[in-house]
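> Quick one: the structure is below, questions incoming.
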Amino acid sequence: MKLSPFAIIIIAALLAVAAWSLASPLPFMTWFLEVAPSMIGGGAVAVAYFRFGFAFTRLVCVLLAVHAVILMVGGKYTYAANPPFEWIKDAFGLARNHYDRLGHFAQGFVPAVVAREVLLRASPLKPGKWLFFIVASICLAASAFYELVEWWVAVGTGDDPQTAIDFLGSQGDVWDAQWDMCMCLIGALVAQLTLSRVHDRAIARRISPDSSR
C-alpha cells in the first residue's frame, strides 16, 4: 500500500521535530523514555496500515501527530522544565510547571479518538452511551498502566536518580499520579463531547466506497 501525500507530509514533519528534539542537552535515556510512547504509537499505526489495511481518518492522524509533538517537546526539555510553561509559572505565580498536565490531558484526548475509531470500525459498537463509557474506561486504564510504568522505571533506574526524577516530573507533588490520571480522564471526556460528530463524519468518509486513502 502506498502512502498518500498527506501521510508523507505528516511523517516528514514528525521526523523534523524528532531531530530537533533529539538535539537535546538531556541524557539520551531521559529523552528516549519521554518520546518512546510516540514511537510505539507510530509503529502501531504503521502495522495497522501496512499489515491489516486499516487506514485511520485524517482527524486521528493529525491528533496523533500533535500528541507526538507534545511528547517530543517533553523529551527535549522534560515536562517539569518546559520553557513556555516556565514563563507562565513565573508570570502567574504558579506552584509548578503545568506542561505535565497538558501532556496527560493529551494522553486522554488523543487516545480517546483513536479508541473510538477502532471500536466503531472493528466492533459491533455504535455511537452512544456504551461507546462513550468504554472509550473513557480504556483511556483511564491506559493512564493507570502508564503510572505503573513510571513507577517501574523509577525503581529500575535507582542508580541514576536524576533520570527517574526527570521522567516522573512530579515536582514534589505527592498527588502527581492521581492528577495525571484525572487529567487523562478529563481529556478523554472532552474529546468525546467535542469531536464525536466530526469524527463520525470523518469515519463515514473514510469507509465510503469512493473515499481515497
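Residues in the C-alpha cells are numbered from 1 in each chain, the chains being A, B, ... in the order shown, and ligands are numbered from 1 in the order shown.
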Please report as a Markdown table every residue of stretch 74-149 of chain A lying within 8 Å of stretch 191-195 of chain A, along with the nearest atom pair and their distance in Å (one decimal), using only C-alpha atoms.

```
| residue | atom | partner | partner_atom | distance |
| --- | --- | --- | --- | --- |
| A:Phe109 | CA | A:Ala191 | CA | 5.1 |
| A:Val110 | CA | A:Ala191 | CA | 7.4 |
| A:Ala112 | CA | A:Ala191 | CA | 6.7 |
| A:Val113 | CA | A:Ala191 | CA | 6.8 |
| A:Phe132 | CA | A:Gln192 | CA | 7.0 |
```
> Convert the current residue selection to file output with N, CA and C atoms, as a compact mmCIF listing (two decimals), in the first residue's frame.

```txt
# COMPACT_ATOMS: atom_id res chain seq x y z
N PHE A 109 -7.09 12.75 25.60
CA PHE A 109 -7.83 13.35 24.48
C PHE A 109 -7.58 12.59 23.18
N VAL A 110 -6.31 12.38 22.85
CA VAL A 110 -5.98 11.74 21.56
C VAL A 110 -6.32 10.25 21.55
N ALA A 112 -8.50 8.72 23.11
CA ALA A 112 -9.96 8.54 23.12
C ALA A 112 -10.51 8.49 21.69
N VAL A 113 -10.01 9.37 20.83
CA VAL A 113 -10.47 9.38 19.45
C VAL A 113 -9.95 8.16 18.70
N PHE A 132 -19.20 5.66 24.67
CA PHE A 132 -18.62 6.76 25.45
C PHE A 132 -17.96 6.21 26.71
```
> Please run DSSP on the backbone and report, as a PyMOL selection string, all residues within stretch 84-185 of chain A that come out as helix (DSSP H, G or I).
chain A and resi 84-92+99-122+129-156+161-168+176-185
> Residues within 12 Å of A:Phe50, please, as a ChimeraX atom specification. Count only C-alpha atoms; anything in the same chain fewer than 5 positions from it doesn't count.
/A:1-3,43-45,55-56
> Check the smallest atom-to-atom distance from each of A:Asp100, A:Asp176, A:Glu150, A:Asp200 to A:Leu33 using only C-alpha atoms, then report the winner.
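Counting only C-alpha atoms, the residue closest to A:Leu33 is A:Glu150.
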> What is the distance between atom CA of A:Val73 and atom CA of A:Val35, in Å to one decimal?
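Value for the atom CA of A:Val73-atom CA of A:Val35 distance: 8.7 Å.
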> I need the residue nearest A:Gly75 from this list: A:Ile88, A:Leu102, A:Ile40, A:Met29. Use only C-alpha atoms for the distance.
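Among the listed residues, the smallest separation from A:Gly75 belongs to A:Met29.
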> Which residue gives the smallest distance to A:Phe32 among A:Arg121, A:Arg51, A:Lys129, A:Lys76, with only C-alpha atoms counted?
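When distances to A:Phe32 are compared using only C-alpha atoms, the smallest one comes from A:Lys76.
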> With 12 Å as the cut-off and only C-alpha atoms counted, what is the closest atom pair between each nearby residue of stretch 36-127 of chain A and stretch 138-148 of chain A? Distances in Å to one decimal, ordered by chain and number, as a Markdown table.

```
| residue | atom | partner | partner_atom | distance |
| --- | --- | --- | --- | --- |
| A:Ala36 | CA | A:Tyr146 | CA | 11.9 |
| A:Pro37 | CA | A:Tyr146 | CA | 9.8 |
| A:Gly103 | CA | A:Ser143 | CA | 11.4 |
| A:His104 | CA | A:Ser143 | CA | 8.2 |
| A:Phe105 | CA | A:Ser143 | CA | 10.3 |
| A:Ala106 | CA | A:Cys139 | CA | 10.6 |
| A:Gln107 | CA | A:Ser143 | CA | 7.4 |
| A:Gly108 | CA | A:Cys139 | CA | 5.6 |
| A:Phe109 | CA | A:Cys139 | CA | 8.6 |
| A:Val110 | CA | A:Cys139 | CA | 9.4 |
| A:Pro111 | CA | A:Cys139 | CA | 6.6 |
| A:Ala112 | CA | A:Cys139 | CA | 6.3 |
| A:Val113 | CA | A:Cys139 | CA | 10.0 |
| A:Val114 | CA | A:Cys139 | CA | 10.1 |
| A:Ala115 | CA | A:Ile138 | CA | 7.7 |
| A:Arg116 | CA | A:Ile138 | CA | 9.9 |
| A:Val118 | CA | A:Ile138 | CA | 11.9 |
| A:Leu119 | CA | A:Ile138 | CA | 11.0 |
```
> Output N, CA and C atoms of each residue in that selection to a file, as a short mmCIF file (atom, residue, chain, number, x, y, z; two decimals), in the first residue's frame.

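Just written: selection_29.cif:
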```cif
data_model
loop_
_atom_site.label_atom_id
_atom_site.label_comp_id
_atom_site.auth_asym_id
_atom_site.auth_seq_id
_atom_site.Cartn_x
_atom_site.Cartn_y
_atom_site.Cartn_z
N ALA A 36 9.35 7.60 23.81
CA ALA A 36 9.03 6.21 23.46
C ALA A 36 7.55 5.98 23.14
N PRO A 37 6.59 6.58 23.88
CA PRO A 37 5.19 6.34 23.52
C PRO A 37 4.85 6.75 22.09
N GLY A 103 0.34 17.43 28.95
CA GLY A 103 0.72 16.14 28.39
C GLY A 103 -0.26 15.04 28.76
N HIS A 104 -0.70 15.03 30.00
CA HIS A 104 -1.62 13.97 30.42
C HIS A 104 -3.05 14.24 29.95
N PHE A 105 -3.41 15.49 29.75
CA PHE A 105 -4.69 15.78 29.11
C PHE A 105 -4.68 15.21 27.69
N ALA A 106 -3.59 15.43 26.97
CA ALA A 106 -3.46 14.87 25.61
C ALA A 106 -3.44 13.35 25.66
N GLN A 107 -2.90 12.78 26.72
CA GLN A 107 -2.85 11.33 26.87
C GLN A 107 -4.25 10.72 26.91
N GLY A 108 -5.23 11.52 27.31
CA GLY A 108 -6.61 11.04 27.26
C GLY A 108 -7.34 11.51 26.02
N PHE A 109 -7.09 12.75 25.60
CA PHE A 109 -7.83 13.35 24.48
C PHE A 109 -7.58 12.59 23.18
N VAL A 110 -6.31 12.38 22.85
CA VAL A 110 -5.98 11.74 21.56
C VAL A 110 -6.32 10.25 21.55
N PRO A 111 -5.87 9.46 22.54
CA PRO A 111 -6.22 8.04 22.53
C PRO A 111 -7.73 7.80 22.55
N ALA A 112 -8.50 8.72 23.11
CA ALA A 112 -9.96 8.54 23.12
C ALA A 112 -10.51 8.49 21.69
N VAL A 113 -10.01 9.37 20.83
CA VAL A 113 -10.47 9.38 19.45
C VAL A 113 -9.95 8.16 18.70
N VAL A 114 -8.72 7.76 19.00
CA VAL A 114 -8.16 6.55 18.39
C VAL A 114 -8.99 5.33 18.78
N ALA A 115 -9.24 5.16 20.09
CA ALA A 115 -10.01 4.02 20.57
C ALA A 115 -11.42 4.04 20.00
N ARG A 116 -11.99 5.22 19.92
CA ARG A 116 -13.35 5.37 19.38
C ARG A 116 -13.40 4.89 17.93
N VAL A 118 -11.29 2.78 16.37
CA VAL A 118 -11.08 1.33 16.29
C VAL A 118 -12.36 0.59 16.66
N LEU A 119 -13.01 0.99 17.73
CA LEU A 119 -14.22 0.32 18.18
C LEU A 119 -15.37 0.47 17.18
#
```
